[in-house]
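*Asks:* Structure file run-v6.cif (mmCIF, C-alpha atoms) is given on the next line.
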data_data
#
loop_
_atom_site.group_PDB
_atom_site.id
_atom_site.type_symbol
_atom_site.label_atom_id
_atom_site.label_comp_id
_atom_site.auth_asym_id
_atom_site.auth_seq_id
_atom_site.Cartn_x
_atom_site.Cartn_y
_atom_site.Cartn_z
ATOM 1 C CA LEU A 1426 -10.220 -4.634 1.495
ATOM 2 C CA ASN A 1427 -7.310 -6.599 2.899
ATOM 3 C CA HIS A 1428 -3.646 -5.693 3.247
ATOM 4 C CA SER A 1429 -0.742 -7.243 1.374
ATOM 5 C CA PHE A 1430 2.847 -6.116 0.982
ATOM 6 C CA GLN A 1431 2.423 -7.446 -2.565
ATOM 7 C CA ALA A 1432 -0.416 -5.054 -3.343
ATOM 8 C CA ASN A 1433 -2.181 -5.301 -6.693
ATOM 9 C CA CYS A 1434 -4.416 -2.240 -6.095
ATOM 10 C CA TYR A 1435 -4.090 1.270 -4.786
ATOM 11 C CA VAL A 1436 -6.312 4.170 -3.803
ATOM 12 C CA LEU A 1437 -6.465 7.278 -5.974
ATOM 13 C CA ILE A 1438 -8.019 10.309 -4.303
ATOM 14 C CA TYR A 1439 -9.504 12.884 -6.646
ATOM 15 C CA VAL A 1440 -11.195 15.922 -5.100
ATOM 16 C CA ASN A 1441 -13.461 14.297 -2.462
ATOM 17 C CA THR A 1442 -13.697 10.829 -3.985
ATOM 18 C CA ALA A 1443 -11.518 7.766 -3.511
ATOM 19 C CA PHE A 1444 -11.110 5.291 -6.362
ATOM 20 C CA LEU A 1445 -9.727 1.771 -6.095
ATOM 21 C CA LEU A 1446 -7.509 1.065 -9.115
ATOM 22 C CA SER A 1447 -5.535 -1.986 -10.144
ATOM 23 C CA ALA A 1448 -1.788 -1.523 -10.461
ATOM 24 C CA ILE A 1449 -1.305 -4.773 -12.340
ATOM 25 C CA PRO A 1450 -3.635 -7.143 -14.201
ATOM 26 C CA ILE A 1451 -5.767 -9.073 -11.702
ATOM 27 C CA SER A 1452 -7.050 -12.533 -12.530
ATOM 28 C CA ILE A 1453 -10.704 -13.329 -11.949
ATOM 29 C CA TYR A 1454 -10.014 -15.403 -8.806
ATOM 30 C CA ASP A 1455 -7.301 -13.166 -7.303
ATOM 31 C CA GLU A 1456 -8.077 -11.140 -4.218
ATOM 32 C CA MET A 1457 -7.847 -7.365 -4.594
ATOM 33 C CA VAL A 1458 -5.414 -6.115 -1.927
ATOM 34 C CA ILE A 1459 -3.715 -2.842 -1.022
ATOM 35 C CA ASP A 1460 -0.706 -2.040 1.127
ATOM 36 C CA TYR A 1461 -2.096 -0.111 4.100
ATOM 37 C CA SER A 1462 1.251 1.701 4.350
ATOM 38 C CA LEU A 1463 0.317 3.629 1.202
ATOM 39 C CA THR A 1464 -2.574 5.336 2.976
ATOM 40 C CA SER A 1465 -0.917 6.402 6.215
ATOM 41 C CA LEU A 1466 1.562 9.069 7.238
ATOM 42 C CA GLU A 1467 1.914 7.800 10.815
ATOM 43 C CA LYS A 1468 5.274 6.629 12.063
ATOM 44 C CA THR A 1469 5.663 3.195 13.647
ATOM 45 C CA ASP A 1470 5.573 4.628 17.189
ATOM 46 C CA GLU A 1471 2.286 6.415 16.345
ATOM 47 C CA TRP A 1472 0.469 3.540 14.630
ATOM 48 C CA SER A 1473 1.342 0.017 13.646
ATOM 49 C CA MET A 1474 -0.252 -3.385 13.498
ATOM 50 C CA ALA A 1475 1.028 -6.912 13.141
ATOM 51 C CA CYS A 1476 0.780 -8.621 9.764
ATOM 52 C CA ARG A 1477 0.074 -12.312 9.937
ATOM 53 C CA CYS A 1478 -0.169 -13.127 6.237
ATOM 54 C CA GLY A 1479 2.630 -15.659 6.505
ATOM 55 C CA LYS A 1480 3.849 -14.970 2.966
ATOM 56 C CA TYR A 1481 7.539 -15.144 2.136
ATOM 57 C CA GLY A 1482 9.140 -11.731 2.650
ATOM 58 C CA CYS A 1483 6.345 -10.372 4.861
ATOM 59 C CA ARG A 1484 7.383 -7.205 6.707
ATOM 60 C CA LYS A 1485 5.592 -8.472 9.884
ATOM 61 C CA ILE A 1486 4.573 -4.897 10.791
ATOM 62 C CA ILE A 1487 2.180 -2.605 8.950
ATOM 63 C CA SER A 1488 2.655 1.106 9.590
ATOM 64 C CA GLY A 1489 2.904 4.354 7.622
ATOM 65 C CA TRP A 1490 4.780 5.318 4.469
ATOM 66 C CA SER A 1491 7.988 6.151 6.344
ATOM 67 C CA SER A 1492 8.194 2.571 7.641
ATOM 68 C CA LEU A 1493 8.782 1.239 4.123
ATOM 69 C CA SER A 1494 12.318 0.657 2.893
ATOM 70 C CA ASN A 1495 13.659 2.899 0.119
ATOM 71 C CA ASP A 1496 13.349 -0.034 -2.310
ATOM 72 C CA GLN A 1497 9.698 -0.558 -1.405
ATOM 73 C CA GLN A 1498 8.959 3.147 -1.710
ATOM 74 C CA GLU A 1499 10.659 3.325 -5.114
ATOM 75 C CA ARG A 1500 8.732 0.283 -6.374
ATOM 76 C CA TYR A 1501 5.414 1.854 -5.400
ATOM 77 C CA LYS A 1502 6.436 5.201 -6.906
ATOM 78 C CA SER A 1503 7.427 3.540 -10.184
ATOM 79 C CA LEU A 1504 4.013 1.864 -10.353
ATOM 80 C CA LYS A 1505 2.384 5.247 -9.567
ATOM 81 C CA MET A 1506 0.569 3.736 -6.578
ATOM 82 C CA VAL A 1507 1.407 6.459 -4.011
ATOM 83 C CA PRO A 1508 -1.261 9.078 -3.255
ATOM 84 C CA GLU A 1509 -0.133 12.700 -3.622
ATOM 85 C CA PHE A 1510 -0.752 13.506 0.054
ATOM 86 C CA VAL A 1511 1.799 10.835 1.046
ATOM 87 C CA LEU A 1512 4.528 12.270 -1.205
ATOM 88 C CA LYS A 1513 4.236 15.845 0.084
#
Take the structure in this file and express it as structure tokens.

*Replies:*
Amino acid sequence: LNHSFQANCYVLIYVNTAFLLSAIPISIYDEMVIDYSLTSLEKTDEWSMACRCGKYGCRKIISGWSSLSNDQQERYKSLKMVPEFVLK
């Protein structure tokens, strides 16, 4: 499962099971992608990796939830894509 800052999927954790859910309609030939920042609590100095997707607006660095801008966090919250453990 690849990363994209324009994620169309997210992970829902229920009890001891993780489910991959679509956040938006996905066409038959579209790749299913998640934003790795939605699954990590690490700060940039603890964990990060370079993003080389080359898409317009790429953040260039993938890290934890706190590395996202307020706008990005609010967008993901409004789409209900953020796991509970990240919001606590």

*Asks:* Pull out every residue that the PyMOL selection byres ((chain A and resi 1427-1429) around 7) matches in the shown coordinates and put them as number ranges by chain.

*Replies:* A: 1426, 1430-1432, 1458-1461

*Asks:* What does the distance between atom CA of Gly1489 of chain A and atom CA of Lys1468 of chain A come to in Å, to one decimal place?

*Replies:*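 Value for the atom CA of Gly1489 of chain A-atom CA of Lys1468 of chain A distance: 5.5 Å.
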
*Asks:* Of the candidates A:Met1457, A:Ala1443, A:Ile1438, A:Met1474, which one gets nearest to Pro1508 of chain A if we count all atoms listed in the file?

*Replies:*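 Under the stated criterion, the closest residue is A:Ile1438.
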
*Asks:* Work out how far atom CA of Glu1456 of chain A is from atom CA of Glu1471 of chain A, in Å to one decimal.

*Replies:*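 Those two atoms sit 29.0 Å apart.
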
*Asks:* So that all listed atoms of segment 1487-1498 of chain A fit with 4 Å spare on each side, what axis-aligned box centre and edge lengths in Å, to one decimal, would you give as AutoDock Vina command-line options?

*Replies:*
--center_x 7.9 --center_y 1.8 --center_z 3.6 --size_x 19.5 --size_y 16.8 --size_z 19.9

*Asks:* Of the candidates A:Lys1485, A:Asp1455, A:Ser1473, A:Ala1448, which shows the shortest atom-to-atom distance to Lys1502 of chain A, using all atoms listed in the file?

*Replies:*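 Result for the nearest residue to Lys1502 of chain A: A:Ala1448.
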
*Asks:* I need the residue set behind the PyMOL selection byres ((chain A and resi 1497) around 12) for this file; please write it as an MDAnalysis selection string.

*Replies:* chainID A and resid 1430:1432 1460 1462:1463 1482 1484 1490:1496 1498:1504 1506:1507

*Asks:* Between A:Cys1434, A:Ile1487, A:Cys1478, A:Val1440, which one has atoms that come closest to Leu1466 of chain A, using all atoms listed in the file?

*Replies:*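 That would be A:Ile1487, the residue with the smallest distance to Leu1466 of chain A.
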
*Asks:* Using all atoms listed in the file, what residues lie at most 8 Å away from (-8.5, 1.6, -5.1) (file coordinates), given as a list in words?

*Replies:* Cys1434, Tyr1435, Val1436, Leu1437, Ala1443, Phe1444, Leu1445, Leu1446, Ser1447 and Ile1459 of chain A

*Asks:* Measuring atom to atom with only C-alpha atoms, identify which of A:Tyr1454, A:Thr1442, A:Tyr1481, A:Thr1464 is nearest to Phe1510 of chain A.

*Replies:* A:Thr1464

*Asks:* Tell me, in Å to one decimal, how far atom CA of Lys1513 of chain A is from atom CA of Ser1465 of chain A.

*Replies:*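 Between atom CA of Lys1513 of chain A and atom CA of Ser1465 of chain A the gap works out to 12.4 Å.
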